Amino acid sequence: MEECIYRQFGIIDTIKYVKEIYQRQSDKLHFSYEINNNNTIKILTILTAVIGLSQVFRSLWFSITVLVSVISIYIYYGVKYNWFKNKDNNSMKNDWIDKEVIYQVFVDRFAGFPETKENGNIFMGGNLQGVIDRLDYLQNMGITTLWLSPIYCTANYHGYHATDFMNIDPRFGTMRELAELIESVHKRKMKIIVDFVPNHCSINHPFFQDALNNKDSKYRDWFYFNKKNEYTCFLKYQELPKINLDNQEARKYMINVARFWCANSFDGLRIDHAVGPSFDFWDELMSTMRKEFPDKIFFGEVWCQGIKKQCYKTLHLKRNWIKYIFGIKQESFQRDYINVLDGILDFKYREILIDAIEKGERILNNPQLEARVKKHFSKYPSNFKLLLFLDNHDTDRFLFHCKGDKSLLLEAIEFSCKWDRAFILYYGTEQGMKNSITIFDETAYADLRVREPMNWDLKKEETMYDSIANILKRKTNNQY
């Protein structure tokens, strides 16, 4: 592979020249290597840099040596970060995801509560049994995969503040009910995915409490403490300490969390805040998961909206100096995870659609919009999964951007279903749920505006259920 790359750049002869120089200089440099070993590119980079310095004032070949040094460095990092890899070679066992219509189940707000309460920052009572009871409702709408919000023991209703990663919060249900749900889903030839939150935990997690109160705790290095006993958190949220996944014990634990839930027959993981952990962590986790669970899907949330530069230190960024200078751009941010994860939630796609409707455009029969979307898709290899969606629990409802125009929402759903990619429907969309005020106005708990409990008292004809079902079923029946 290395020789093919070098031949592609037309520098085989130059490398031979450098090798000849090296052989003449080897006695002085006091090291040797074989040109065909696995470290060729790295050693060549060091070698040519040394030769470049030695020739700077006495060689006519200085410019060539510098050129080889620059190109070698470029190729070294190109190989390291897979810039030159043929990304379309391997057929993936998780290609099934491309045909799926996924329903995002916000467990506490979906079903199972005894009565509809006033919305608030509390547990409303939604649970796994409620999901089991509504499987007919979901399947009849054309849903083929469920995505559950986190079901760990948690300090908050949404599940993202984990206090125990290996057990189900009793307010959501039991392991027996989870097994029943997964078995029922699979009997229907459907699939089920669950949220995985490796970057942080609740401040009430016993591992963090032990680390916070005991500097000799075995969990101390599982988190990022300074000399003042202050700790790094998820972005600016002090109630969510960031886990140091470059600590080998913490890393091993979190990989085992992922293995545990996949071993319990989930068909994949949606990874929360994938931009938080290091790329070394992702390399090890994905290597493990692909080996043990090759047919499962692992896709991440890679999203830059609202992340201020003072929070960049809580992230792991490629080419971070560029991002510090110019800021983070959503497209390039997503591309950083090619050959890292199986895929990502396509926030850029959503951004393109919202930009179109805010300019007064319709979604269907819009060749300019279709061209913009195709150009966007062309920036990714075909085996990198872009999962399409219109909204979720952290964004305004799409109907908010449509100004309540349900026909425009239906157009967006139909447009999204025509592509050979997974489409995700956020719970309540079929009931016409929308927020009248943006969730980004810095009001406390503003996200509750898009996390209302389902109203199961509504009659089907009062909702968009049938209209959406007609669109989704055409996708599942390959009619687009």
# chains A, B, ... in the order shown; residues from 1 in each chain; ligands from 1
$ residues_around --residues "Gln209 (chain A)" --least-positions-apart "2" --cutoff "12 Å" --atoms "only C-alpha atoms" --output "PyMOL selection string"
chain A and resi 163+201-207+211-215+217-220+222-223+231+239-241
$ residues_around --residues "Pro114 (chain A)" --least-positions-apart "2" --cutoff "12 Å" --atoms "only C-alpha atoms" --output "list in words"
Asp108, Arg109, Phe110, Ala111, Gly112, Thr116, Lys117, Met124, Gly125, Gly126, Asn127, Gln129, Gly130, Pro453, Met454, Asn455 and Trp456 of chain A
$ residues_around --residues "Glu430 (chain A)" --least-positions-apart "4" --cutoff "10 Å" --atoms "only C-alpha atoms" --output "PyMOL selection string"
chain A and resi 141+410+425-426+460+463-469
$ residues_around --residues "region 471-474 of chain A" --least-positions-apart "2" --cutoff "10 Å" --atoms "only C-alpha atoms" --output "number ranges by chain"
A: 100-102, 139-144, 410-411, 413-418, 423, 425, 466-469, 476-480
$ select_by_dssp --residues "region 131-176 of chain A" --states "strand (DSSP E or B)" --output "VMD selection string"
chain A and resid 145 to 148 152 to 154 162 to 168
$ write_last_selection --atoms "N, CA and C atoms" --output "PDB file, in the first residue's frame"
ATOM      1  N   THR A 145     -37.255   0.177  13.228  1.00  0.00           N
ATOM      2  CA  THR A 145     -36.239   0.160  14.294  1.00  0.00           C
ATOM      3  C   THR A 145     -36.629   1.148  15.386  1.00  0.00           C
ATOM      4  N   LEU A 146     -36.419   0.762  16.632  1.00  0.00           N
ATOM      5  CA  LEU A 146     -36.617   1.666  17.761  1.00  0.00           C
ATOM      6  C   LEU A 146     -35.257   2.130  18.271  1.00  0.00           C
ATOM      7  N   TRP A 147     -35.190   3.399  18.649  1.00  0.00           N
ATOM      8  CA  TRP A 147     -34.008   3.942  19.330  1.00  0.00           C
ATOM      9  C   TRP A 147     -34.482   4.444  20.689  1.00  0.00           C
ATOM     10  N   LEU A 148     -34.004   3.790  21.752  1.00  0.00           N
ATOM     11  CA  LEU A 148     -34.380   4.164  23.110  1.00  0.00           C
ATOM     12  C   LEU A 148     -33.418   5.190  23.668  1.00  0.00           C
ATOM     13  N   TYR A 152     -30.215   3.645  31.688  1.00  0.00           N
ATOM     14  CA  TYR A 152     -29.407   3.420  32.898  1.00  0.00           C
ATOM     15  C   TYR A 152     -30.089   4.036  34.127  1.00  0.00           C
ATOM     16  N   CYS A 153     -29.591   3.622  35.298  1.00  0.00           N
ATOM     17  CA  CYS A 153     -29.941   4.356  36.519  1.00  0.00           C
ATOM     18  C   CYS A 153     -29.483   5.796  36.327  1.00  0.00           C
ATOM     19  N   THR A 154     -30.344   6.737  36.639  1.00  0.00           N
ATOM     20  CA  THR A 154     -30.091   8.121  36.254  1.00  0.00           C
ATOM     21  C   THR A 154     -30.625   9.107  37.290  1.00  0.00           C
ATOM     22  N   ALA A 162     -26.130   9.538  34.132  1.00  0.00           N
ATOM     23  CA  ALA A 162     -26.034   8.167  34.636  1.00  0.00           C
ATOM     24  C   ALA A 162     -25.440   8.114  36.036  1.00  0.00           C
ATOM     25  N   THR A 163     -26.062   7.288  36.880  1.00  0.00           N
ATOM     26  CA  THR A 163     -25.512   6.989  38.205  1.00  0.00           C
ATOM     27  C   THR A 163     -25.070   5.528  38.308  1.00  0.00           C
ATOM     28  N   ASP A 164     -25.428   4.730  37.310  1.00  0.00           N
ATOM     29  CA  ASP A 164     -24.995   3.331  37.226  1.00  0.00           C
ATOM     30  C   ASP A 164     -25.187   2.888  35.783  1.00  0.00           C
ATOM     31  N   PHE A 165     -24.080   2.668  35.086  1.00  0.00           N
ATOM     32  CA  PHE A 165     -24.149   2.355  33.658  1.00  0.00           C
ATOM     33  C   PHE A 165     -24.589   0.920  33.375  1.00  0.00           C
ATOM     34  N   MET A 166     -24.556   0.054  34.380  1.00  0.00           N
ATOM     35  CA  MET A 166     -24.785  -1.370  34.142  1.00  0.00           C
ATOM     36  C   MET A 166     -26.156  -1.865  34.609  1.00  0.00           C
ATOM     37  N   ASN A 167     -27.016  -0.951  35.072  1.00  0.00           N
ATOM     38  CA  ASN A 167     -28.327  -1.357  35.537  1.00  0.00           C
ATOM     39  C   ASN A 167     -29.404  -0.420  35.005  1.00  0.00           C
ATOM     40  N   ILE A 168     -30.611  -0.944  34.870  1.00  0.00           N
ATOM     41  CA  ILE A 168     -31.735  -0.152  34.396  1.00  0.00           C
ATOM     42  C   ILE A 168     -32.346   0.611  35.572  1.00  0.00           C
TER      43      ILE A 168
END
$ residues_around --residues "region 353-362 of chain A" --least-positions-apart "4" --cutoff "9 Å" --atoms "only C-alpha atoms" --output "list in words"
Lys348, Tyr349, Asn366, Leu369, Val373, Leu390, Phe398, His401, Cys402, Leu408, Glu411 and Ala412 of chain A
$ atom_distance --atom1 "CA of Asp342 (chain A)" --atom2 "CA of Arg372 (chain A)"
23.5 Å
$ residues_around --residues "Ala250 (chain A)" --least-positions-apart "3" --cutoff "12 Å" --atoms "only C-alpha atoms" --output "PDB file with N, CA, C and O atoms, in the first residue's frame"
ATOM      1  N   PRO A 198     -20.811   7.619  26.920  1.00  0.00           N
ATOM      2  CA  PRO A 198     -19.515   7.326  27.521  1.00  0.00           C
ATOM      3  C   PRO A 198     -18.748   8.539  28.041  1.00  0.00           C
ATOM      4  O   PRO A 198     -17.821   8.386  28.840  1.00  0.00           O
ATOM      5  N   ASN A 199     -19.094   9.737  27.610  1.00  0.00           N
ATOM      6  CA  ASN A 199     -18.263  10.908  27.879  1.00  0.00           C
ATOM      7  C   ASN A 199     -18.340  11.400  29.314  1.00  0.00           C
ATOM      8  O   ASN A 199     -17.367  11.937  29.843  1.00  0.00           O
ATOM      9  N   HIS A 200     -19.480  11.236  29.967  1.00  0.00           N
ATOM     10  CA  HIS A 200     -19.676  11.838  31.279  1.00  0.00           C
ATOM     11  C   HIS A 200     -20.692  11.037  32.086  1.00  0.00           C
ATOM     12  O   HIS A 200     -21.354  10.142  31.559  1.00  0.00           O
ATOM     13  N   PHE A 207     -18.698   6.455  41.612  1.00  0.00           N
ATOM     14  CA  PHE A 207     -17.287   6.520  41.235  1.00  0.00           C
ATOM     15  C   PHE A 207     -16.783   7.958  41.353  1.00  0.00           C
ATOM     16  O   PHE A 207     -15.681   8.199  41.861  1.00  0.00           O
ATOM     17  N   PHE A 208     -17.588   8.898  40.878  1.00  0.00           N
ATOM     18  CA  PHE A 208     -17.147  10.295  40.943  1.00  0.00           C
ATOM     19  C   PHE A 208     -17.151  10.804  42.373  1.00  0.00           C
ATOM     20  O   PHE A 208     -16.221  11.526  42.779  1.00  0.00           O
ATOM     21  N   LYS A 218      -9.175   5.030  43.873  1.00  0.00           N
ATOM     22  CA  LYS A 218      -8.763   4.363  42.630  1.00  0.00           C
ATOM     23  C   LYS A 218      -9.473   4.964  41.424  1.00  0.00           C
ATOM     24  O   LYS A 218      -9.075   4.725  40.279  1.00  0.00           O
ATOM     25  N   TYR A 219     -10.523   5.752  41.674  1.00  0.00           N
ATOM     26  CA  TYR A 219     -11.253   6.399  40.578  1.00  0.00           C
ATOM     27  C   TYR A 219     -10.789   7.837  40.326  1.00  0.00           C
ATOM     28  O   TYR A 219     -11.312   8.502  39.447  1.00  0.00           O
ATOM     29  N   ARG A 220      -9.806   8.287  41.106  1.00  0.00           N
ATOM     30  CA  ARG A 220      -9.369   9.684  40.996  1.00  0.00           C
ATOM     31  C   ARG A 220      -8.956  10.029  39.555  1.00  0.00           C
ATOM     32  O   ARG A 220      -9.337  11.068  39.013  1.00  0.00           O
ATOM     33  N   ASP A 221      -8.178   9.147  38.928  1.00  0.00           N
ATOM     34  CA  ASP A 221      -7.690   9.412  37.577  1.00  0.00           C
ATOM     35  C   ASP A 221      -8.709   9.048  36.502  1.00  0.00           C
ATOM     36  O   ASP A 221      -8.422   9.172  35.313  1.00  0.00           O
ATOM     37  N   TRP A 222      -9.882   8.621  36.922  1.00  0.00           N
ATOM     38  CA  TRP A 222     -10.959   8.385  35.974  1.00  0.00           C
ATOM     39  C   TRP A 222     -11.600   9.707  35.544  1.00  0.00           C
ATOM     40  O   TRP A 222     -12.391   9.742  34.597  1.00  0.00           O
ATOM     41  N   PHE A 223     -11.234  10.774  36.241  1.00  0.00           N
ATOM     42  CA  PHE A 223     -11.785  12.101  35.957  1.00  0.00           C
ATOM     43  C   PHE A 223     -10.642  13.100  35.848  1.00  0.00           C
ATOM     44  O   PHE A 223      -9.478  12.772  36.103  1.00  0.00           O
ATOM     45  N   TYR A 224     -10.951  14.315  35.464  1.00  0.00           N
ATOM     46  CA  TYR A 224      -9.933  15.348  35.253  1.00  0.00           C
ATOM     47  C   TYR A 224      -9.983  16.356  36.399  1.00  0.00           C
ATOM     48  O   TYR A 224     -10.781  17.299  36.384  1.00  0.00           O
ATOM     49  N   LYS A 242     -16.712  15.026  33.393  1.00  0.00           N
ATOM     50  CA  LYS A 242     -16.207  14.325  32.204  1.00  0.00           C
ATOM     51  C   LYS A 242     -15.320  13.155  32.630  1.00  0.00           C
ATOM     52  O   LYS A 242     -14.459  13.297  33.511  1.00  0.00           O
ATOM     53  N   ILE A 243     -15.523  12.012  31.991  1.00  0.00           N
ATOM     54  CA  ILE A 243     -14.753  10.807  32.302  1.00  0.00           C
ATOM     55  C   ILE A 243     -13.473  10.793  31.470  1.00  0.00           C
ATOM     56  O   ILE A 243     -13.492  11.061  30.271  1.00  0.00           O
ATOM     57  N   ASN A 244     -12.357  10.485  32.122  1.00  0.00           N
ATOM     58  CA  ASN A 244     -11.062  10.414  31.440  1.00  0.00           C
ATOM     59  C   ASN A 244     -10.908   9.044  30.792  1.00  0.00           C
ATOM     60  O   ASN A 244     -10.407   8.097  31.399  1.00  0.00           O
ATOM     61  N   LEU A 245     -11.327   8.938  29.545  1.00  0.00           N
ATOM     62  CA  LEU A 245     -11.308   7.655  28.851  1.00  0.00           C
ATOM     63  C   LEU A 245      -9.936   7.310  28.276  1.00  0.00           C
ATOM     64  O   LEU A 245      -9.795   6.290  27.595  1.00  0.00           O
ATOM     65  N   ASP A 246      -8.940   8.149  28.562  1.00  0.00           N
ATOM     66  CA  ASP A 246      -7.560   7.788  28.253  1.00  0.00           C
ATOM     67  C   ASP A 246      -6.885   7.117  29.444  1.00  0.00           C
ATOM     68  O   ASP A 246      -5.758   6.649  29.340  1.00  0.00           O
ATOM     69  N   ASN A 247      -7.581   7.085  30.577  1.00  0.00           N
ATOM     70  CA  ASN A 247      -7.164   6.239  31.689  1.00  0.00           C
ATOM     71  C   ASN A 247      -7.561   4.806  31.337  1.00  0.00           C
ATOM     72  O   ASN A 247      -8.712   4.540  30.989  1.00  0.00           O
ATOM     73  N   TYR A 253     -13.526  -0.104  31.478  1.00  0.00           N
ATOM     74  CA  TYR A 253     -14.873  -0.140  32.064  1.00  0.00           C
ATOM     75  C   TYR A 253     -15.920   0.306  31.046  1.00  0.00           C
ATOM     76  O   TYR A 253     -16.944  -0.360  30.853  1.00  0.00           O
ATOM     77  N   MET A 254     -15.661   1.425  30.365  1.00  0.00           N
ATOM     78  CA  MET A 254     -16.677   1.971  29.458  1.00  0.00           C
ATOM     79  C   MET A 254     -16.850   1.089  28.221  1.00  0.00           C
ATOM     80  O   MET A 254     -17.960   0.952  27.695  1.00  0.00           O
ATOM     81  N   ILE A 255     -15.769   0.477  27.745  1.00  0.00           N
ATOM     82  CA  ILE A 255     -15.904  -0.468  26.634  1.00  0.00           C
ATOM     83  C   ILE A 255     -16.730  -1.667  27.075  1.00  0.00           C
ATOM     84  O   ILE A 255     -17.570  -2.178  26.316  1.00  0.00           O
ATOM     85  N   ASN A 256     -16.552  -2.075  28.318  1.00  0.00           N
ATOM     86  CA  ASN A 256     -17.353  -3.190  28.835  1.00  0.00           C
ATOM     87  C   ASN A 256     -18.823  -2.809  28.981  1.00  0.00           C
ATOM     88  O   ASN A 256     -19.705  -3.665  28.850  1.00  0.00           O
ATOM     89  N   VAL A 257     -19.099  -1.539  29.244  1.00  0.00           N
ATOM     90  CA  VAL A 257     -20.494  -1.074  29.271  1.00  0.00           C
ATOM     91  C   VAL A 257     -21.126  -1.272  27.892  1.00  0.00           C
ATOM     92  O   VAL A 257     -22.238  -1.806  27.763  1.00  0.00           O
ATOM     93  N   PRO A 277     -14.955  12.101  23.847  1.00  0.00           N
ATOM     94  CA  PRO A 277     -13.841  11.167  24.043  1.00  0.00           C
ATOM     95  C   PRO A 277     -12.761  11.315  22.963  1.00  0.00           C
ATOM     96  O   PRO A 277     -13.019  11.829  21.868  1.00  0.00           O
ATOM     97  N   PHE A 281      -9.560   6.479  22.107  1.00  0.00           N
ATOM     98  CA  PHE A 281     -10.632   5.705  22.736  1.00  0.00           C
ATOM     99  C   PHE A 281     -11.537   5.091  21.676  1.00  0.00           C
ATOM    100  O   PHE A 281     -11.874   3.908  21.734  1.00  0.00           O
TER     101      PHE A 281
END
$ residues_around --residues "Cys311 (chain A)" --least-positions-apart "5" --cutoff "9 Å" --atoms "only C-alpha atoms" --output "list in words"
Phe234, Leu235 and Lys236 of chain A
$ select_by_dssp --residues "region 221-403 of chain A" --states "helix (DSSP H, G or I)" --output "NGL selection string"
:A and (221-222 or 248-263 or 279-292 or 309-314 or 320-326 or 330-335 or 347-358 or 367-377 or 398-401)
$ closest_residue --among "A:Phe326, A:Ala179, A:Lys296, A:Thr174" --to "Lys309 (chain A)" --atoms "only C-alpha atoms"
A:Phe326
$ closest_residue --among "A:Gly343, A:Gly428, A:Pro367, A:Gly173" --to "Gln104 (chain A)" --atoms "only C-alpha atoms"
A:Gly428
$ atom_distance --atom1 "CA of Ile338 (chain A)" --atom2 "CA of Phe384 (chain A)"
6.4 Å
